[in-house]
Amino acid sequence: MKDPTTIEQTVAAILAKENIELVDLVIQHQGKKKLLQFFVDKPGGITLDDCGVLTDKIDSILEMENLMEGAYILEVSSPGVHRVLKKPAHFKQFVMQRVKIVLKVPLEGRGFFTGVIASADENGFVLDDGTNQYRFAYENIKKANLDPVLEF
């Protein structure tokens, strides 16, 4: 298997030509096989039919580009309501949305924050937790996910 960054960059570049964003790639061990989970999105959202078509397309990319060796399990899905935020563009896209973040280096003794993205630029974003506003640099974000309040 090529390194995960190479897989992610290769697949992302090919999908981008069709206006499909590779939001995230998660690689795990599933017994003796690797499990590759591709989370994709496009304007208007991803449908179940899209996932089927993209599964075949990504499988072809992995084979043609010789990115995987041996058996693997491939899953393609939408990022979901708790989608991961990885790039500055993601934070900009979801300004005024509620997020949960985990920091690499704690701030004021806290490693976790939840709040609304008040603003975002190329270097970082401002999180409003309802009491205070904090500015975070992207390089200090270990993990960030949308954290919508779901009402039933």
# chains A, B, ... in the order shown; residues from 1 in each chain; ligands from 1
>>> select_by_dssp(residues="chain A", states="strand (DSSP E or B)", output="VMD selection string")
chain A and resid 21 to 30 33 to 41 72 to 77 84 98 to 107 110 to 120 124 to 128 133 to 137 141 to 146
>>> write_last_selection(atoms="C-alpha atoms", output="PDB file, in the first residue's frame")
ATOM      1  CA  GLU A  21     -14.591  16.670  -2.970  1.00  0.00           C
ATOM      2  CA  LEU A  22     -12.758  13.987  -1.042  1.00  0.00           C
ATOM      3  CA  VAL A  23     -13.484  15.296   2.460  1.00  0.00           C
ATOM      4  CA  ASP A  24     -11.652  12.581   4.373  1.00  0.00           C
ATOM      5  CA  LEU A  25      -9.993   9.185   4.059  1.00  0.00           C
ATOM      6  CA  VAL A  26      -9.828   6.788   7.005  1.00  0.00           C
ATOM      7  CA  ILE A  27      -7.715   3.622   6.739  1.00  0.00           C
ATOM      8  CA  GLN A  28      -8.103   0.884   9.346  1.00  0.00           C
ATOM      9  CA  HIS A  29      -7.242  -2.791   9.696  1.00  0.00           C
ATOM     10  CA  GLN A  30     -10.164  -5.194   9.225  1.00  0.00           C
ATOM     11  CA  LYS A  33      -7.499  -6.648   5.008  1.00  0.00           C
ATOM     12  CA  LYS A  34      -7.328  -2.881   5.015  1.00  0.00           C
ATOM     13  CA  LEU A  35     -10.604  -0.956   5.287  1.00  0.00           C
ATOM     14  CA  LEU A  36     -10.567   2.241   3.231  1.00  0.00           C
ATOM     15  CA  GLN A  37     -13.375   4.671   4.037  1.00  0.00           C
ATOM     16  CA  PHE A  38     -13.715   7.565   1.595  1.00  0.00           C
ATOM     17  CA  PHE A  39     -15.985  10.425   2.676  1.00  0.00           C
ATOM     18  CA  VAL A  40     -17.063  12.488  -0.337  1.00  0.00           C
ATOM     19  CA  ASP A  41     -19.264  15.483  -0.997  1.00  0.00           C
ATOM     20  CA  TYR A  72      -8.968  -4.432   0.800  1.00  0.00           C
ATOM     21  CA  ILE A  73     -12.491  -3.343   1.689  1.00  0.00           C
ATOM     22  CA  LEU A  74     -13.721  -0.113   0.128  1.00  0.00           C
ATOM     23  CA  GLU A  75     -16.483   2.079   1.559  1.00  0.00           C
ATOM     24  CA  VAL A  76     -17.707   5.354   0.074  1.00  0.00           C
ATOM     25  CA  SER A  77     -20.170   7.583   1.916  1.00  0.00           C
ATOM     26  CA  VAL A  84     -14.897  16.314   9.698  1.00  0.00           C
ATOM     27  CA  ARG A  98     -21.521  24.642  15.714  1.00  0.00           C
ATOM     28  CA  VAL A  99     -18.327  22.565  15.921  1.00  0.00           C
ATOM     29  CA  LYS A 100     -16.456  20.398  18.385  1.00  0.00           C
ATOM     30  CA  ILE A 101     -12.661  20.574  18.278  1.00  0.00           C
ATOM     31  CA  VAL A 102      -9.799  18.689  19.900  1.00  0.00           C
ATOM     32  CA  LEU A 103      -6.490  20.526  20.221  1.00  0.00           C
ATOM     33  CA  LYS A 104      -2.962  19.171  19.840  1.00  0.00           C
ATOM     34  CA  VAL A 105      -1.740  21.590  22.516  1.00  0.00           C
ATOM     35  CA  PRO A 106      -4.262  22.588  25.228  1.00  0.00           C
ATOM     36  CA  LEU A 107      -5.339  26.223  25.576  1.00  0.00           C
ATOM     37  CA  ARG A 110      -8.498  22.768  27.942  1.00  0.00           C
ATOM     38  CA  GLY A 111      -8.025  20.292  25.120  1.00  0.00           C
ATOM     39  CA  PHE A 112     -11.652  20.280  23.891  1.00  0.00           C
ATOM     40  CA  PHE A 113     -13.855  23.177  22.787  1.00  0.00           C
ATOM     41  CA  THR A 114     -17.407  23.382  21.449  1.00  0.00           C
ATOM     42  CA  GLY A 115     -18.901  26.482  19.906  1.00  0.00           C
ATOM     43  CA  VAL A 116     -19.803  28.323  16.732  1.00  0.00           C
ATOM     44  CA  ILE A 117     -17.257  29.262  14.074  1.00  0.00           C
ATOM     45  CA  ALA A 118     -17.479  33.070  14.187  1.00  0.00           C
ATOM     46  CA  SER A 119     -14.983  33.611  11.351  1.00  0.00           C
ATOM     47  CA  ALA A 120     -12.291  31.773   9.415  1.00  0.00           C
ATOM     48  CA  GLY A 124      -7.104  29.865  11.540  1.00  0.00           C
ATOM     49  CA  PHE A 125     -10.580  30.505  12.861  1.00  0.00           C
ATOM     50  CA  VAL A 126     -12.425  32.142  15.733  1.00  0.00           C
ATOM     51  CA  LEU A 127     -14.653  29.955  17.895  1.00  0.00           C
ATOM     52  CA  ASP A 128     -17.412  31.520  19.996  1.00  0.00           C
ATOM     53  CA  GLN A 133     -14.139  33.914  21.646  1.00  0.00           C
ATOM     54  CA  TYR A 134     -10.947  31.965  20.992  1.00  0.00           C
ATOM     55  CA  ARG A 135      -8.681  32.097  17.953  1.00  0.00           C
ATOM     56  CA  PHE A 136      -7.179  28.772  16.861  1.00  0.00           C
ATOM     57  CA  ALA A 137      -4.472  28.123  14.297  1.00  0.00           C
ATOM     58  CA  ILE A 141      -6.300  21.312  15.551  1.00  0.00           C
ATOM     59  CA  LYS A 142      -6.044  17.572  16.117  1.00  0.00           C
ATOM     60  CA  LYS A 143      -9.672  16.927  15.158  1.00  0.00           C
ATOM     61  CA  ALA A 144     -12.670  19.091  14.231  1.00  0.00           C
ATOM     62  CA  ASN A 145     -16.224  18.008  13.469  1.00  0.00           C
ATOM     63  CA  LEU A 146     -19.533  19.717  12.919  1.00  0.00           C
TER      64      LEU A 146
END
>>> select_by_dssp(residues="segment 4-152 of chain A", states="helix (DSSP H, G or I)", output="VMD selection string")
chain A and resid 4 to 16 48 to 64 88 to 93 138 to 140
>>> write_last_selection(atoms="C-alpha atoms", output="compact mmCIF listing (two decimals), in the first residue's frame")
# COMPACT_ATOMS: atom_id res chain seq x y z
CA PRO A 4 -2.23 7.35 2.92
CA THR A 5 -1.29 10.88 1.79
CA THR A 6 -0.47 9.64 -1.72
CA ILE A 7 -3.75 7.70 -1.90
CA GLU A 8 -5.73 10.71 -0.65
CA GLN A 9 -4.05 13.20 -3.02
CA THR A 10 -4.33 10.95 -6.07
CA VAL A 11 -8.02 10.11 -5.55
CA ALA A 12 -8.87 13.72 -4.57
CA ALA A 13 -7.30 15.12 -7.74
CA ILE A 14 -9.23 12.75 -10.01
CA LEU A 15 -12.56 13.28 -8.20
CA ALA A 16 -12.09 17.07 -8.22
CA LEU A 48 -26.76 6.61 -2.35
CA ASP A 49 -26.54 6.21 -6.13
CA ASP A 50 -23.52 8.55 -6.16
CA CYS A 51 -21.84 6.36 -3.55
CA GLY A 52 -22.32 3.28 -5.74
CA VAL A 53 -20.88 5.00 -8.82
CA LEU A 54 -17.99 6.47 -6.82
CA THR A 55 -17.17 3.12 -5.22
CA ASP A 56 -16.55 1.69 -8.71
CA LYS A 57 -14.63 4.79 -9.77
CA ILE A 58 -12.38 4.87 -6.68
CA ASP A 59 -11.78 1.13 -6.94
CA SER A 60 -10.63 1.67 -10.54
CA ILE A 61 -8.36 4.53 -9.47
CA LEU A 62 -6.76 2.39 -6.75
CA GLU A 63 -6.14 -0.40 -9.26
CA MET A 64 -4.96 1.73 -12.21
CA PRO A 88 -9.35 26.12 5.80
CA ALA A 89 -12.06 25.95 3.10
CA HIS A 90 -14.13 23.66 5.35
CA PHE A 91 -14.00 26.12 8.25
CA LYS A 92 -14.90 29.01 5.91
CA GLN A 93 -17.80 27.00 4.47
CA TYR A 138 -5.27 25.17 12.03
CA GLU A 139 -1.96 23.52 12.88
CA ASN A 140 -3.11 23.18 16.52
>>> closest_residue(among="A:Leu150, A:Met96, A:Ile20, A:Met1", to="Ala71 of chain A", atoms="only C-alpha atoms")
A:Met1
>>> closest_residue(among="A:Lys32, A:His82, A:Lys17, A:Lys87", to="Glu122 of chain A", atoms="only C-alpha atoms")
A:Lys87
>>> atom_distance(atom1="atom CA of Phe152 of chain A", atom2="atom CA of Val81 of chain A")
14.4 Å
